[in-house]
Each structure stands twice: as C-alpha cells, then as structure tokens.
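As stored in query20.tsv (TSV, C-alpha atoms):
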chain	number	residue	atom	x	y	z
A	66	MET	CA	0.00	0.00	0.00
A	67	LYS	CA	1.16	3.48	-0.85
A	68	SER	CA	1.83	5.97	1.88
A	69	ILE	CA	1.76	9.65	0.94
A	70	ASP	CA	3.36	12.21	3.20
A	71	LEU	CA	1.29	15.39	3.28
A	72	ARG	CA	2.91	16.83	6.37
A	73	GLY	CA	3.99	20.43	6.18
A	74	ILE	CA	1.64	21.10	3.27
A	75	ALA	CA	-1.12	23.65	3.86
A	76	CYS	CA	-4.79	23.39	2.89
A	77	PRO	CA	-5.95	23.10	0.18
A	78	THR	CA	-2.68	22.02	-1.44
A	79	ASN	CA	-2.61	18.87	0.72
A	80	PHE	CA	-6.09	17.90	-0.47
A	81	VAL	CA	-5.20	18.52	-4.13
A	82	LYS	CA	-2.04	16.41	-3.71
A	83	ALA	CA	-4.19	13.66	-2.17
A	84	LYS	CA	-6.49	13.84	-5.20
A	85	LEU	CA	-3.52	13.51	-7.53
A	86	ALA	CA	-2.24	10.52	-5.56
A	87	LEU	CA	-5.66	8.88	-5.81
A	88	GLU	CA	-5.59	9.31	-9.60
A	89	MET	CA	-2.57	6.97	-9.63
A	90	ILE	CA	-4.27	3.98	-8.01
A	91	ASN	CA	-7.16	1.75	-9.00
A	92	GLU	CA	-10.65	1.73	-7.59
A	93	GLY	CA	-10.85	-0.43	-4.47
A	94	GLU	CA	-7.16	0.04	-3.64
A	95	GLN	CA	-6.12	1.65	-0.40
A	96	VAL	CA	-3.75	4.49	0.31
A	97	GLU	CA	-2.48	6.04	3.50
A	98	PHE	CA	-1.96	9.77	4.01
A	99	LEU	CA	0.19	11.36	6.68
A	100	LEU	CA	-1.36	14.57	7.94
A	101	ASP	CA	-0.46	17.29	10.40
A	102	ASP	CA	-2.65	18.00	13.38
A	103	GLY	CA	-4.95	21.02	13.19
A	104	GLU	CA	-6.62	22.15	9.96
A	105	PRO	CA	-5.22	19.36	7.75
A	106	VAL	CA	-6.59	16.50	9.84
A	107	LYS	CA	-9.90	18.32	10.13
A	108	ASN	CA	-10.29	19.24	6.46
A	109	VAL	CA	-8.64	16.60	4.30
A	110	PRO	CA	-10.71	13.59	5.45
A	111	ARG	CA	-13.97	15.49	4.98
A	112	SER	CA	-12.98	16.70	1.53
A	113	LEU	CA	-12.01	13.20	0.42
A	114	LYS	CA	-15.33	11.91	1.70
A	115	GLY	CA	-17.01	14.66	-0.30
A	116	ASP	CA	-15.26	13.33	-3.40
A	117	GLY	CA	-16.86	9.95	-2.73
A	118	HIS	CA	-13.92	8.01	-1.34
A	119	LYS	CA	-14.22	5.69	1.62
A	120	LEU	CA	-12.61	6.74	4.90
A	121	LEU	CA	-11.41	3.61	6.66
A	122	GLY	CA	-9.84	5.06	9.77
A	123	LEU	CA	-7.62	7.57	11.44
A	124	LYS	CA	-4.70	6.72	13.69
A	125	GLN	CA	-2.16	8.82	15.49
A	126	ASP	CA	1.47	7.69	15.29
A	127	ASP	CA	4.01	8.07	18.07
A	128	ALA	CA	5.26	11.37	16.67
A	129	GLY	CA	1.74	12.86	16.86
A	130	HIS	CA	1.06	12.79	13.12
A	131	TYR	CA	-2.14	11.40	11.74
A	132	LEU	CA	-2.43	8.42	9.44
A	133	LEU	CA	-5.57	8.51	7.35
A	134	LEU	CA	-6.52	5.32	5.54
A	135	ILE	CA	-8.58	5.77	2.37
A	136	GLU	CA	-10.11	3.39	-0.14
A	137	LYS	CA	-10.50	4.79	-3.61
A	138	VAL	CA	-14.05	4.86	-4.95
A	139	GLY	CA	-14.76	5.72	-8.59
A	140	GLU	CA	-12.36	6.56	-11.37
B	109	MET	CA	-36.65	88.15	-23.16
B	110	SER	CA	-36.57	85.00	-21.05
B	111	GLU	CA	-36.65	81.59	-22.64
B	112	GLN	CA	-39.47	79.27	-21.79
B	113	LYS	CA	-38.51	77.01	-18.84
B	114	THR	CA	-39.16	73.29	-18.96
B	115	THR	CA	-38.77	70.78	-16.20
B	116	THR	CA	-36.87	67.50	-16.53
B	117	GLN	CA	-39.26	64.60	-17.04
B	118	ILE	CA	-38.75	61.94	-14.37
B	119	ASP	CA	-41.05	59.21	-13.19
B	120	LEU	CA	-41.11	59.97	-9.46
B	121	LYS	CA	-42.57	56.55	-8.70
B	122	ASN	CA	-39.08	55.16	-9.27
B	123	LEU	CA	-37.78	57.27	-6.42
B	124	LYS	CA	-40.36	56.16	-3.91
B	125	ALA	CA	-38.85	52.70	-3.66
B	126	GLY	CA	-35.65	54.32	-2.46
B	127	GLY	CA	-32.29	53.23	-3.74
B	128	PHE	CA	-31.51	56.62	-5.30
B	129	ILE	CA	-28.96	58.24	-3.06
B	130	LYS	CA	-27.77	61.81	-3.36
B	131	GLU	CA	-24.10	62.20	-4.12
B	132	ARG	CA	-21.73	65.06	-3.41
B	133	GLY	CA	-21.60	66.51	-6.94
B	134	LYS	CA	-24.41	68.56	-8.47
B	135	ASP	CA	-27.15	66.45	-10.11
B	136	LEU	CA	-25.38	63.18	-9.31
B	137	PHE	CA	-26.88	60.17	-7.56
B	138	THR	CA	-25.99	56.60	-6.68
B	139	VAL	CA	-28.46	53.98	-7.85
B	140	ARG	CA	-28.43	51.02	-5.47
B	141	LEU	CA	-29.48	47.77	-7.06
B	142	ARG	CA	-31.26	44.95	-5.33
B	143	VAL	CA	-29.08	41.87	-5.07
B	144	PRO	CA	-30.55	39.65	-2.32
B	145	GLY	CA	-27.92	37.28	-0.98
B	146	GLY	CA	-25.31	38.82	-3.29
B	147	ARG	CA	-25.83	36.28	-6.06
B	148	MET	CA	-26.77	37.24	-9.59
B	149	SER	CA	-26.71	35.73	-13.03
B	150	VAL	CA	-23.85	36.63	-15.33
B	151	GLU	CA	-26.49	37.87	-17.80
B	152	ARG	CA	-27.77	40.40	-15.27
B	153	LEU	CA	-24.22	41.43	-14.41
B	154	LYS	CA	-23.51	42.14	-18.07
B	155	ARG	CA	-26.64	44.24	-18.41
B	156	ILE	CA	-25.74	46.21	-15.28
B	157	ALA	CA	-22.22	46.74	-16.68
B	158	ALA	CA	-23.65	48.05	-19.94
B	159	VAL	CA	-25.90	50.54	-18.14
B	160	ALA	CA	-23.06	51.62	-15.83
B	161	GLU	CA	-20.80	52.17	-18.81
B	162	LYS	CA	-23.38	54.23	-20.64
B	163	TYR	CA	-24.63	56.43	-17.78
B	164	GLY	CA	-21.86	56.34	-15.16
B	165	LYS	CA	-18.27	57.50	-15.16
B	166	GLY	CA	-16.40	54.25	-15.43
B	167	PHE	CA	-16.91	52.73	-11.97
B	168	VAL	CA	-19.46	50.87	-9.88
B	169	HIS	CA	-19.30	50.28	-6.14
B	170	LEU	CA	-19.89	46.91	-4.47
B	171	SER	CA	-21.66	47.77	-1.23
B	172	VAL	CA	-20.96	46.14	2.12
B	173	ARG	CA	-24.43	44.59	1.96
B	174	GLN	CA	-23.78	42.87	-1.35
B	175	SER	CA	-25.45	45.37	-3.65
B	176	VAL	CA	-24.06	46.74	-6.88
B	177	GLU	CA	-24.25	50.51	-6.78
B	178	LEU	CA	-24.19	52.51	-10.00
B	179	ILE	CA	-22.33	55.64	-9.05
B	180	ASN	CA	-22.18	59.12	-10.61
B	181	ILE	CA	-25.56	58.85	-12.32
B	182	ASN	CA	-27.20	62.09	-13.42
B	183	PHE	CA	-30.75	62.33	-12.09
B	184	ARG	CA	-31.98	63.28	-15.57
B	185	ASP	CA	-31.06	59.75	-16.67
B	186	PHE	CA	-33.10	57.98	-13.97
B	187	ASP	CA	-35.89	56.85	-16.26
B	188	ALA	CA	-33.49	55.62	-18.91
B	189	VAL	CA	-31.38	53.78	-16.33
B	190	VAL	CA	-34.42	52.05	-14.85
B	191	GLU	CA	-35.72	51.21	-18.32
B	192	GLU	CA	-32.44	49.84	-19.61
B	193	LEU	CA	-31.74	47.80	-16.50
B	194	GLY	CA	-34.95	45.96	-17.30
B	195	GLU	CA	-37.65	46.75	-14.83
B	196	LYS	CA	-38.68	43.31	-13.77
B	197	GLU	CA	-35.55	41.72	-12.43
B	198	GLN	CA	-33.52	44.85	-11.68
B	199	LYS	CA	-35.47	46.54	-8.96
B	200	VAL	CA	-33.58	49.22	-7.14
B	201	ALA	CA	-32.97	48.71	-3.43
B	202	SER	CA	-34.40	50.63	-0.53
B	203	CYS	CA	-33.09	53.22	1.84
B	204	GLY	CA	-34.85	54.64	4.89
B	205	ALA	CA	-37.04	53.04	7.52
B	206	ARG	CA	-37.77	49.86	5.66
B	207	VAL	CA	-36.90	46.19	5.57
B	208	ARG	CA	-33.66	46.14	3.59
B	209	VAL	CA	-32.37	43.64	1.08
B	210	PRO	CA	-31.27	40.53	2.98
B	211	THR	CA	-27.64	39.44	2.86
B	212	ALA	CA	-26.49	35.83	2.74
B	213	CYS	CA	-23.41	33.72	2.32
B	214	GLY	CA	-22.69	31.76	-0.84
B	215	GLY	CA	-25.01	28.92	-0.07
B	216	CYS	CA	-25.13	25.26	0.74
B	217	GLU	CA	-25.16	23.97	-2.84
B	218	TYR	CA	-21.47	24.60	-3.27
B	219	ASN	CA	-19.99	25.66	0.06
B	220	PRO	CA	-18.96	22.53	2.00
B	221	ASN	CA	-19.67	24.20	5.34
B	222	GLY	CA	-23.20	25.32	4.50
B	223	LEU	CA	-25.93	23.56	6.47
B	224	VAL	CA	-29.02	25.36	5.23
B	225	ASP	CA	-30.04	27.10	2.01
B	226	THR	CA	-29.32	30.72	2.89
B	227	GLN	CA	-29.71	31.84	-0.71
B	228	ARG	CA	-33.25	30.54	-0.82
B	229	SER	CA	-34.06	32.17	2.53
B	230	ALA	CA	-32.66	35.52	1.37
B	231	LEU	CA	-34.73	35.40	-1.82
B	232	GLU	CA	-37.84	34.48	0.11
B	233	VAL	CA	-37.48	37.29	2.64
B	234	ASP	CA	-36.66	39.69	-0.19
B	235	GLU	CA	-39.73	38.65	-2.14
B	236	LYS	CA	-42.18	38.72	0.77
B	237	LEU	CA	-40.86	41.47	3.05
B	238	PHE	CA	-38.44	43.75	1.18
B	239	GLY	CA	-39.40	47.39	1.48
B	240	THR	CA	-41.94	46.84	4.28
B	241	VAL	CA	-42.16	50.20	6.03
B	242	THR	CA	-41.22	49.74	9.68
B	243	GLY	CA	-42.44	53.17	10.70
B	244	HIS	CA	-39.34	53.63	12.84
B	245	HIS	CA	-35.96	52.78	11.42
B	246	LYS	CA	-34.15	50.52	9.02
B	247	PHE	CA	-34.44	46.76	9.52
B	248	LYS	CA	-31.69	44.44	8.33
B	249	VAL	CA	-31.87	40.69	7.89
B	250	GLY	CA	-28.86	38.44	7.30
B	251	PHE	CA	-28.32	34.73	6.72
B	252	ALA	CA	-25.24	32.65	7.54
B	253	GLY	CA	-25.13	29.01	6.51
B	254	CYS	CA	-23.12	27.72	9.45
B	255	PRO	CA	-21.54	28.83	12.73
B	256	PHE	CA	-18.49	30.19	10.89
B	257	ASP	CA	-20.91	33.02	10.23
B	258	CYS	CA	-19.07	34.89	7.49
B	259	PRO	CA	-22.04	37.31	7.06
B	260	LYS	CA	-21.83	38.28	10.78
B	261	SER	CA	-25.51	37.51	11.28
B	262	ALA	CA	-25.70	38.85	14.84
B	263	THR	CA	-24.93	42.39	13.63
B	264	ASN	CA	-28.31	42.45	11.86
B	265	ASP	CA	-31.63	43.44	13.41
B	266	VAL	CA	-32.39	39.77	12.95
B	267	GLY	CA	-29.68	37.32	12.00
B	268	PHE	CA	-30.08	33.68	11.04
B	269	GLN	CA	-27.32	31.10	11.36
B	270	GLY	CA	-27.53	27.57	9.98
B	271	ALA	CA	-27.43	24.78	12.54
B	272	ILE	CA	-27.81	21.03	12.79
B	273	TRP	CA	-28.22	18.80	15.80
B	274	PRO	CA	-26.17	15.61	15.47
B	275	GLU	CA	-27.18	12.19	16.75
B	276	LEU	CA	-25.05	9.05	16.82
B	277	LYS	CA	-26.22	5.62	15.72
B	278	GLN	CA	-23.81	3.56	17.80
B	279	GLU	CA	-24.13	0.35	15.77
B	280	GLU	CA	-22.98	2.07	12.57
B	281	CYS	CA	-19.86	3.59	14.18
B	282	ILE	CA	-16.51	2.01	13.26
B	283	SER	CA	-14.59	3.87	15.98
B	284	CYS	CA	-12.35	5.69	13.49
B	285	GLY	CA	-12.12	8.75	15.73
B	286	LEU	CA	-12.53	11.26	12.91
B	287	CYS	CA	-15.52	12.97	14.55
B	288	ALA	CA	-13.66	13.65	17.79
B	289	LYS	CA	-10.74	15.00	15.80
B	290	SER	CA	-13.03	17.19	13.68
B	291	CYS	CA	-14.94	18.70	16.58
B	292	THR	CA	-13.41	22.11	17.22
B	293	GLU	CA	-15.48	22.63	20.35
B	294	GLY	CA	-14.44	19.47	22.18
B	295	ALA	CA	-18.04	18.26	22.26
B	296	ILE	CA	-16.98	14.77	21.16
B	297	THR	CA	-14.46	12.61	22.98
B	298	ILE	CA	-13.69	8.95	22.49
B	299	GLY	CA	-14.83	6.77	25.39
B	300	GLU	CA	-13.19	3.67	26.86
B	301	ASP	CA	-15.13	1.46	24.45
B	302	GLY	CA	-13.75	3.39	21.46
B	303	LYS	CA	-17.11	5.00	20.72
B	304	PRO	CA	-17.73	8.76	20.65
B	305	VAL	CA	-19.17	10.45	23.72
B	306	PHE	CA	-21.22	13.56	22.96
B	307	SER	CA	-21.37	16.57	25.32
B	308	ALA	CA	-24.38	18.52	24.14
B	309	ASP	CA	-23.50	21.58	26.21
B	310	SER	CA	-20.37	22.22	24.15
B	311	CYS	CA	-21.96	21.68	20.72
B	312	LEU	CA	-22.33	24.76	18.49
B	313	TYR	CA	-24.33	22.81	15.85
B	314	CYS	CA	-21.75	23.12	13.05
B	315	GLY	CA	-22.28	19.58	11.76
B	316	ASP	CA	-18.60	18.82	11.20
B	317	CYS	CA	-19.07	15.38	12.82
B	318	VAL	CA	-21.86	14.50	10.39
B	319	LYS	CA	-19.82	15.69	7.44
B	320	VAL	CA	-16.69	13.73	8.27
B	321	CYS	CA	-18.28	10.49	9.48
B	322	PRO	CA	-17.32	7.80	6.96
B	323	THR	CA	-20.24	5.50	7.75
B	324	GLU	CA	-23.00	8.07	8.28
B	325	ALA	CA	-23.25	6.94	11.90
B	326	TRP	CA	-23.64	10.60	12.86
B	327	LYS	CA	-27.02	11.73	11.57
B	328	THR	CA	-28.74	15.08	11.31
B	329	ALA	CA	-31.52	14.87	13.87
B	330	LYS	CA	-32.64	18.51	13.56
B	331	LYS	CA	-31.82	21.28	11.12
B	332	GLY	CA	-32.72	24.94	10.99
B	333	TYR	CA	-31.60	28.39	12.03
B	334	THR	CA	-30.17	29.77	15.23
B	335	VAL	CA	-31.80	33.22	15.44
B	336	ARG	CA	-30.28	36.28	17.05
B	337	ILE	CA	-32.10	39.60	17.42
B	338	GLY	CA	-31.15	43.17	18.20
B	339	GLY	CA	-27.86	43.65	16.39
B	340	LYS	CA	-26.71	46.71	14.46
B	341	TRP	CA	-23.47	48.49	13.71
B	342	GLY	CA	-22.88	52.19	13.14
B	343	ARG	CA	-22.27	54.79	15.81
B	344	ARG	CA	-23.42	52.68	18.72
B	345	PRO	CA	-23.03	49.02	17.86
B	346	LEU	CA	-25.00	46.19	19.41
B	347	ILE	CA	-24.59	42.45	19.00
B	348	GLY	CA	-27.84	40.53	18.80
B	349	THR	CA	-28.56	37.71	21.23
B	350	LEU	CA	-30.16	34.30	21.03
B	351	TYR	CA	-33.94	34.00	20.62
B	352	ALA	CA	-34.56	30.77	18.75
B	353	GLU	CA	-32.89	27.47	17.87
B	354	PHE	CA	-33.48	25.15	14.93
B	355	LEU	CA	-36.13	27.41	13.46
B	356	PRO	CA	-37.24	25.56	10.31
B	357	GLU	CA	-36.22	27.27	7.08
B	358	GLU	CA	-39.81	27.43	5.89
B	359	ARG	CA	-40.85	29.49	8.94
B	360	VAL	CA	-38.33	32.31	8.50
B	361	VAL	CA	-40.70	34.76	6.81
B	362	GLU	CA	-43.39	34.15	9.43
B	363	PHE	CA	-40.81	34.72	12.16
B	364	VAL	CA	-39.59	38.02	10.73
B	365	HIS	CA	-43.19	39.10	10.22
B	366	GLU	CA	-43.99	38.51	13.89
B	367	LEU	CA	-40.85	40.33	14.91
B	368	LEU	CA	-41.79	43.35	12.79
B	369	ALA	CA	-45.23	43.41	14.41
B	370	TRP	CA	-43.68	43.53	17.90
B	371	TYR	CA	-41.20	46.18	16.74
B	372	GLY	CA	-43.99	48.30	15.28
B	373	GLU	CA	-45.99	48.22	18.51
B	374	LYS	CA	-43.12	48.80	20.91
B	375	ALA	CA	-41.50	51.58	18.92
B	376	GLU	CA	-44.73	53.59	18.83
B	377	GLY	CA	-43.97	57.15	19.87
B	378	LEU	CA	-40.23	56.55	20.19
B	379	GLY	CA	-39.29	57.99	16.81
B	380	ARG	CA	-36.31	56.70	14.91
B	381	ILE	CA	-35.23	53.70	16.94
B	382	ARG	CA	-33.78	50.28	16.05
B	383	ILE	CA	-35.21	47.10	17.51
B	384	GLY	CA	-32.04	46.42	19.53
B	385	ASP	CA	-32.38	49.74	21.33
B	386	ILE	CA	-35.99	48.94	22.21
B	387	ILE	CA	-34.88	45.64	23.73
B	388	LEU	CA	-32.22	47.51	25.70
B	389	ARG	CA	-34.92	49.83	27.09
B	390	GLU	CA	-37.39	47.23	28.12
B	391	GLY	CA	-35.53	43.96	28.35
B	392	PRO	CA	-35.95	40.91	26.15
B	393	GLN	CA	-38.74	39.10	28.02
B	394	SER	CA	-41.77	40.62	26.29
B	395	LEU	CA	-40.30	39.77	22.91
B	396	ILE	CA	-39.51	36.23	24.05
B	397	GLU	CA	-43.10	35.76	25.18
B	398	ARG	CA	-44.51	37.18	21.99
B	399	LEU	CA	-42.35	34.89	19.84
B	400	ARG	CA	-42.94	31.87	22.07
B	401	SER	CA	-46.67	32.16	21.54
B	402	LYS	CA	-46.11	31.49	17.83
B	403	PHE	CA	-42.95	29.36	17.90
B	404	PRO	CA	-43.07	27.47	21.21
B	405	ASP	CA	-40.84	24.63	20.00
B	406	HIS	CA	-38.05	26.91	18.84
B	407	VAL	CA	-37.93	30.08	20.91
B	408	VAL	CA	-35.71	29.92	23.97
B	409	LYS	CA	-37.14	30.57	27.44
B	410	LYS	CA	-34.60	33.18	28.41
B	411	THR	CA	-32.03	35.40	26.76
B	412	ILE	CA	-29.92	38.43	27.52
B	413	PRO	CA	-30.24	41.96	26.10
B	414	PRO	CA	-28.13	42.84	23.05
B	415	ALA	CA	-24.46	43.26	23.93
B	416	VAL	CA	-23.34	46.88	23.82
B	417	ILE	CA	-20.02	47.23	22.03
B	418	PRO	CA	-18.23	50.18	23.58
B	419	THR	CA	-16.63	51.65	20.48
B	420	GLN	CA	-17.30	55.15	21.83
B	421	VAL	CA	-15.18	55.00	24.95
B	422	GLY	CA	-15.97	57.75	27.42
B	423	LYS	CA	-19.14	58.89	25.60
B	424	ARG	CA	-22.63	58.43	26.97
What does this structure look like when you write it as structure tokens?
Amino acid sequence: MKSIDLRGIACPTNFVKAKLALEMINEGEQVEFLLDDGEPVKNVPRSLKGDGHKLLGLKQDDAGHYLLLIEKVGE
Amino acid sequence: MSEQKTTTQIDLKNLKAGGFIKERGKDLFTVRLRVPGGRMSVERLKRIAAVAEKYGKGFVHLSVRQSVELININFRDFDAVVEELGEKEQKVASCGARVRVPTACGGCEYNPNGLVDTQRSALEVDEKLFGTVTGHHKFKVGFAGCPFDCPKSATNDVGFQGAIWPELKQEECISCGLCAKSCTEGAITIGEDGKPVFSADSCLYCGDCVKVCPTEAWKTAKKGYTVRIGGKWGRRPLIGTLYAEFLPEERVVEFVHELLAWYGEKAEGLGRIRIGDIILREGPQSLIERLRSKFPDHVVKKTIPPAVIPTQVGKR
C-alpha cells in the first residue's frame, strides 16, 4: 500500500495532492496519508469523503502525526 | 426676453422605492441595485455593466451589503437607467425606515460548510418582506449558513445562522475517531469502548461530525436556524442575542413578520429607533413571550439583552 506524506503542506494544497495521488491507483485500492494536526486533519478527510472516497480510519502515530486510511471509490 | 422654462421629465414613482442616493456633486446620484444574498446571473451582471458604462463615469461600487451601486448617475437619466436595467428583475434597493435587502453567504449547494439554504431564505425574505415600512428605522436581515458566520448575522436586526443537531447511531460507528478529531469545540471525545461520547452543552451545531463520518453513523436529527435579534453596527453598535434554535427554514418569513409586528408596537412614539435599542430599554422578556406564543418549540425561554459594544469609549 502506498503511503503519501502530506505533512507540512497547507490546505488546500494537501487535499489537491491527495487527489492527484488517488488518480494513480485503481478503484478499491487503499492508500495512507500522513497529515499534520490542526486544519489538515480536520479538512482533508472530509474533503475526500465529499469526493466519494471511503474513509477507513484515522490513527495517530508516536510522533503525533495522523495516518488517514482511504479506499479509492470511482475513477 | 426670457426663454421658456421646462422641467426634466422623471417618473417619481421610481424614487419612492428608495435606492436613489444623493451624491456630493451637483445632479449626481448613486443607484443602489437589489441583489438579495449577493448572487446574480452573469447575464444580469452584463446588463448592469452596460448601463453603468453608458450612464456612469467608469466605476461601480460593491456595497458592504452585497449590492451593486451605480455611481455618478445624473438624475436626468433615472428613467433611462431604470428602463435599460430591465424593470422586472432589476429593482432598485431601498433606503430609509424599511426592511432592507437581505444578505447571505454563498449557499449550501457549493460551500462545504453550508448547512441550510441561505440563498433561498434571502430570496424568500426579499420577495415577501423587502421594502416593508417599519415606521421607525431601518431593519436588516442576514443569513449565515453555518456557525463560521461569514455574514456576521448577529450584527443584523435579525440574523439567522444555519445549525444542525447531530445524533449518533452507535451500531454504525466504526470507531475511526474522525468525529472527535473534527470537533473544534471538544463536544466529542472517544470513550473507553472506542465510541464517541457527545457533550451537548459544548456543541455549536456546526455539523462537522456529520460531514466527516465515513459510515453516516452521525445523523442530522434537527436542522434549521439559530436566530439572534437586536444587532446593528454604526455609531453605537449592538450584537444581537439568542432567541430561537433550529427554526425551520420554511418558517423564517413568518418569524420576521412577527418580529416586525412587535417592533412596530413597541416603537410607537419613540421615533427613529432600532429594535435592539428597544430591547435595551425594556428587556428581552416581552419579545420572548410574543415569539414563544407562535414558535413554542423553537424560541428559547430566556435570553440576555443585546451586547453593547463600547466603540465610543468615554461617551454616553
């Protein structure tokens, strides 16, 4: 599974980068995004849901970053 | 020998609606157009641009309350301006002691934060109540789609703010934790069992939990407007306070109508006075009771008077 590091990237650039990453995988495949706390972790999941993708979960790693697991829906 | 004098021909009916505002220069006026909610078709915008180009001096002004104002218009051109704007859809906007054109944010169809259809509400209030003579002072209505409140609804005589009440269906929750992370107000925490725990007292009704929830376990149980009354800006600003919660969108016009009736009665004999200043004089309880008689399920039992913003320090 791909892991995309979106840390240090401000909204909405992080969301657009996530969209671009999702273009590179097939429907039904999963991808993991690393997000900063604050606005990114609040906005990016919601925006991806708005695009129709499936949010599978959110975990916090030891360094305090967020790992968002997404399943691609639609082409 | 004196020449024969003739007077300029103007249809004075056009002026009665207001929206023609005297400018500094001789013969010049601003024509304020009616743009409820600040949204207009590109077609209308083009027509306005053509009229502005023909009769103005190269500029228009976008007003703070979302109107397009044609500036530097010679009063002799009033009839032509009104005619060429196209009478039906280009009504000029009011000034004076009337219900003004409502303002609204962009709207829920495309703004991801929007919870209610503020554009529709603004059009409805504009259609049914615009220009209603209050007999006392101006009366402003504003609509915000969510608690971000970009239009600053509480600075209006009556301000509406979109709200939803969330409810969790435990069995559909996958314990992903996104709702707790999304909740700016700390109204959602994750309990020992990994499920969200909701603290209603902290909730501001923004709906972020519903929007982020991947399994739709958070549902919208109630939707409507949070209503604040008594705001204004200007020389002596007031911030309106809470009067109703989850007022259904389809009851907005009825609500404003009732409010105007109370305003009309209470302002009798007080001259030029805004509704917020009346509430300051006599307290909010009589208004609460009046509104509760019509909207018992939505009007709160108690509120506080409008908050005085002391911009004029040291002045009484």
Next on the checklist: With distances taken over all atoms listed in the file, which residue among B:Ala158, B:Val335, B:Val408, B:Cys321 lies nearest His118 (chain A)?
Outcome noted: B:Cys321
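Using all atoms listed in the file, the chain B residues found within 7 Å of chain A amount to Cys284, Gly285, Leu286, Lys289, Ser290, Lys319, Val320 and Pro322 of chain B.
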Next on the checklist: Give me, as a ChimeraX atom specification, all polymer residues having an atom no more than 12 Å from Lys82 (chain A), counting all atoms listed in the file and skipping those fewer than 3 positions away in the same chain.
Outcome noted: /A:69-72,74-79,85-89,98-100,109,113
Selection: 9 Å around region 256-267 of chain B, all atoms listed in the file, excl. self and same-chain fewer than 4 positions, as a PDB file with C-alpha atoms, in the coordinates of the input:
ATOM      1  CA  THR B 211     -27.640  39.440   2.860  1.00  0.00           C
ATOM      2  CA  ALA B 212     -26.490  35.830   2.740  1.00  0.00           C
ATOM      3  CA  CYS B 213     -23.410  33.720   2.320  1.00  0.00           C
ATOM      4  CA  ASN B 221     -19.670  24.200   5.340  1.00  0.00           C
ATOM      5  CA  LYS B 246     -34.150  50.520   9.020  1.00  0.00           C
ATOM      6  CA  PHE B 247     -34.440  46.760   9.520  1.00  0.00           C
ATOM      7  CA  LYS B 248     -31.690  44.440   8.330  1.00  0.00           C
ATOM      8  CA  VAL B 249     -31.870  40.690   7.890  1.00  0.00           C
ATOM      9  CA  GLY B 250     -28.860  38.440   7.300  1.00  0.00           C
ATOM     10  CA  PHE B 251     -28.320  34.730   6.720  1.00  0.00           C
ATOM     11  CA  ALA B 252     -25.240  32.650   7.540  1.00  0.00           C
ATOM     12  CA  CYS B 314     -21.750  23.120  13.050  1.00  0.00           C
ATOM     13  CA  THR B 334     -30.170  29.770  15.230  1.00  0.00           C
ATOM     14  CA  VAL B 335     -31.800  33.220  15.440  1.00  0.00           C
ATOM     15  CA  ARG B 336     -30.280  36.280  17.050  1.00  0.00           C
ATOM     16  CA  ILE B 337     -32.100  39.600  17.420  1.00  0.00           C
ATOM     17  CA  GLY B 338     -31.150  43.170  18.200  1.00  0.00           C
ATOM     18  CA  GLY B 339     -27.860  43.650  16.390  1.00  0.00           C
ATOM     19  CA  LYS B 340     -26.710  46.710  14.460  1.00  0.00           C
ATOM     20  CA  TRP B 341     -23.470  48.490  13.710  1.00  0.00           C
ATOM     21  CA  PRO B 345     -23.030  49.020  17.860  1.00  0.00           C
ATOM     22  CA  LEU B 346     -25.000  46.190  19.410  1.00  0.00           C
ATOM     23  CA  ILE B 347     -24.590  42.450  19.000  1.00  0.00           C
ATOM     24  CA  GLY B 348     -27.840  40.530  18.800  1.00  0.00           C
ATOM     25  CA  THR B 349     -28.560  37.710  21.230  1.00  0.00           C
ATOM     26  CA  LEU B 350     -30.160  34.300  21.030  1.00  0.00           C
ATOM     27  CA  VAL B 364     -39.590  38.020  10.730  1.00  0.00           C
ATOM     28  CA  LEU B 367     -40.850  40.330  14.910  1.00  0.00           C
ATOM     29  CA  ARG B 382     -33.780  50.280  16.050  1.00  0.00           C
ATOM     30  CA  ILE B 383     -35.210  47.100  17.510  1.00  0.00           C
ATOM     31  CA  GLY B 384     -32.040  46.420  19.530  1.00  0.00           C
TER      32      GLY B 384
END
Next on the checklist: Between B:Thr226, B:Ser394, B:Thr116, B:Thr138, which residue has the minimum interatomic distance to Ile181 (chain B), considering all atoms listed in the file?
Outcome noted: B:Thr138
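Picture a line from CA of Val361 (chain B) to CA of Ile272 (chain B); it runs 19.8 Å.
Between CA of Glu177 (chain B) and CA of Arg228 (chain B) lies a distance of 22.7 Å.
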Item to check | Between CA of Pro274 (chain B) and CA of Ala329 (chain B), distance in Å (one decimal) | outcome: 5.6 Å
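Using all atoms listed in the file, every residue with an atom at most 7 Å from the point (2.6, 4.8, 0.2) is listed here: Met66, Lys67, Ser68, Ile69, Val96 and Glu97 of chain A.
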Centre, edges in Å (one decimal): axis-aligned box, region 338-352 of chain B, 8 Å padding on all six sides, as lines of an AutoDock Vina configuration file:
center_x = -28.4
center_y = 42.8
center_z = 17.2
size_x = 28.3
size_y = 40.0
size_z = 24.1
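Nearest residue to His130 (chain A) among A:Gly73, A:Asp116, A:Phe80, A:Glu92 is A:Gly73, counting only C-alpha atoms.
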Item to check | Neighbour list for Thr242 (chain B) as a PyMOL selection string, cut-off 12 Å, only C-alpha atoms, skip fewer than 4 positions in-chain | outcome: chain B and resi 203-208+237-238+246-248+364-365+367-376+379-383
I'd like the contact shell of Ile118 (chain B) - 12 Å cut-off, only C-alpha atoms, skipping same-chain residues fewer than 4 positions apart - returned as a PDB file with C-alpha atoms, in the coordinates of the input.
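Now in part23.pdb:
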ATOM      1  CA  ASN B 122     -39.080  55.160  -9.270  1.00  0.00           C
ATOM      2  CA  LEU B 123     -37.780  57.270  -6.420  1.00  0.00           C
ATOM      3  CA  ASN B 182     -27.200  62.090 -13.420  1.00  0.00           C
ATOM      4  CA  PHE B 183     -30.750  62.330 -12.090  1.00  0.00           C
ATOM      5  CA  ARG B 184     -31.980  63.280 -15.570  1.00  0.00           C
ATOM      6  CA  ASP B 185     -31.060  59.750 -16.670  1.00  0.00           C
ATOM      7  CA  PHE B 186     -33.100  57.980 -13.970  1.00  0.00           C
ATOM      8  CA  ASP B 187     -35.890  56.850 -16.260  1.00  0.00           C
ATOM      9  CA  ALA B 188     -33.490  55.620 -18.910  1.00  0.00           C
ATOM     10  CA  VAL B 189     -31.380  53.780 -16.330  1.00  0.00           C
ATOM     11  CA  VAL B 190     -34.420  52.050 -14.850  1.00  0.00           C
ATOM     12  CA  GLU B 191     -35.720  51.210 -18.320  1.00  0.00           C
TER      13      GLU B 191
END
Next on the checklist: Excluding Thr328 (chain B) and its own-chain neighbours fewer than 5 positions away, which residues fall within 9 Å of it when counting all atoms listed in the file? Please give them as a PyMOL selection string.
Outcome noted: chain B and resi 272-276+315+318
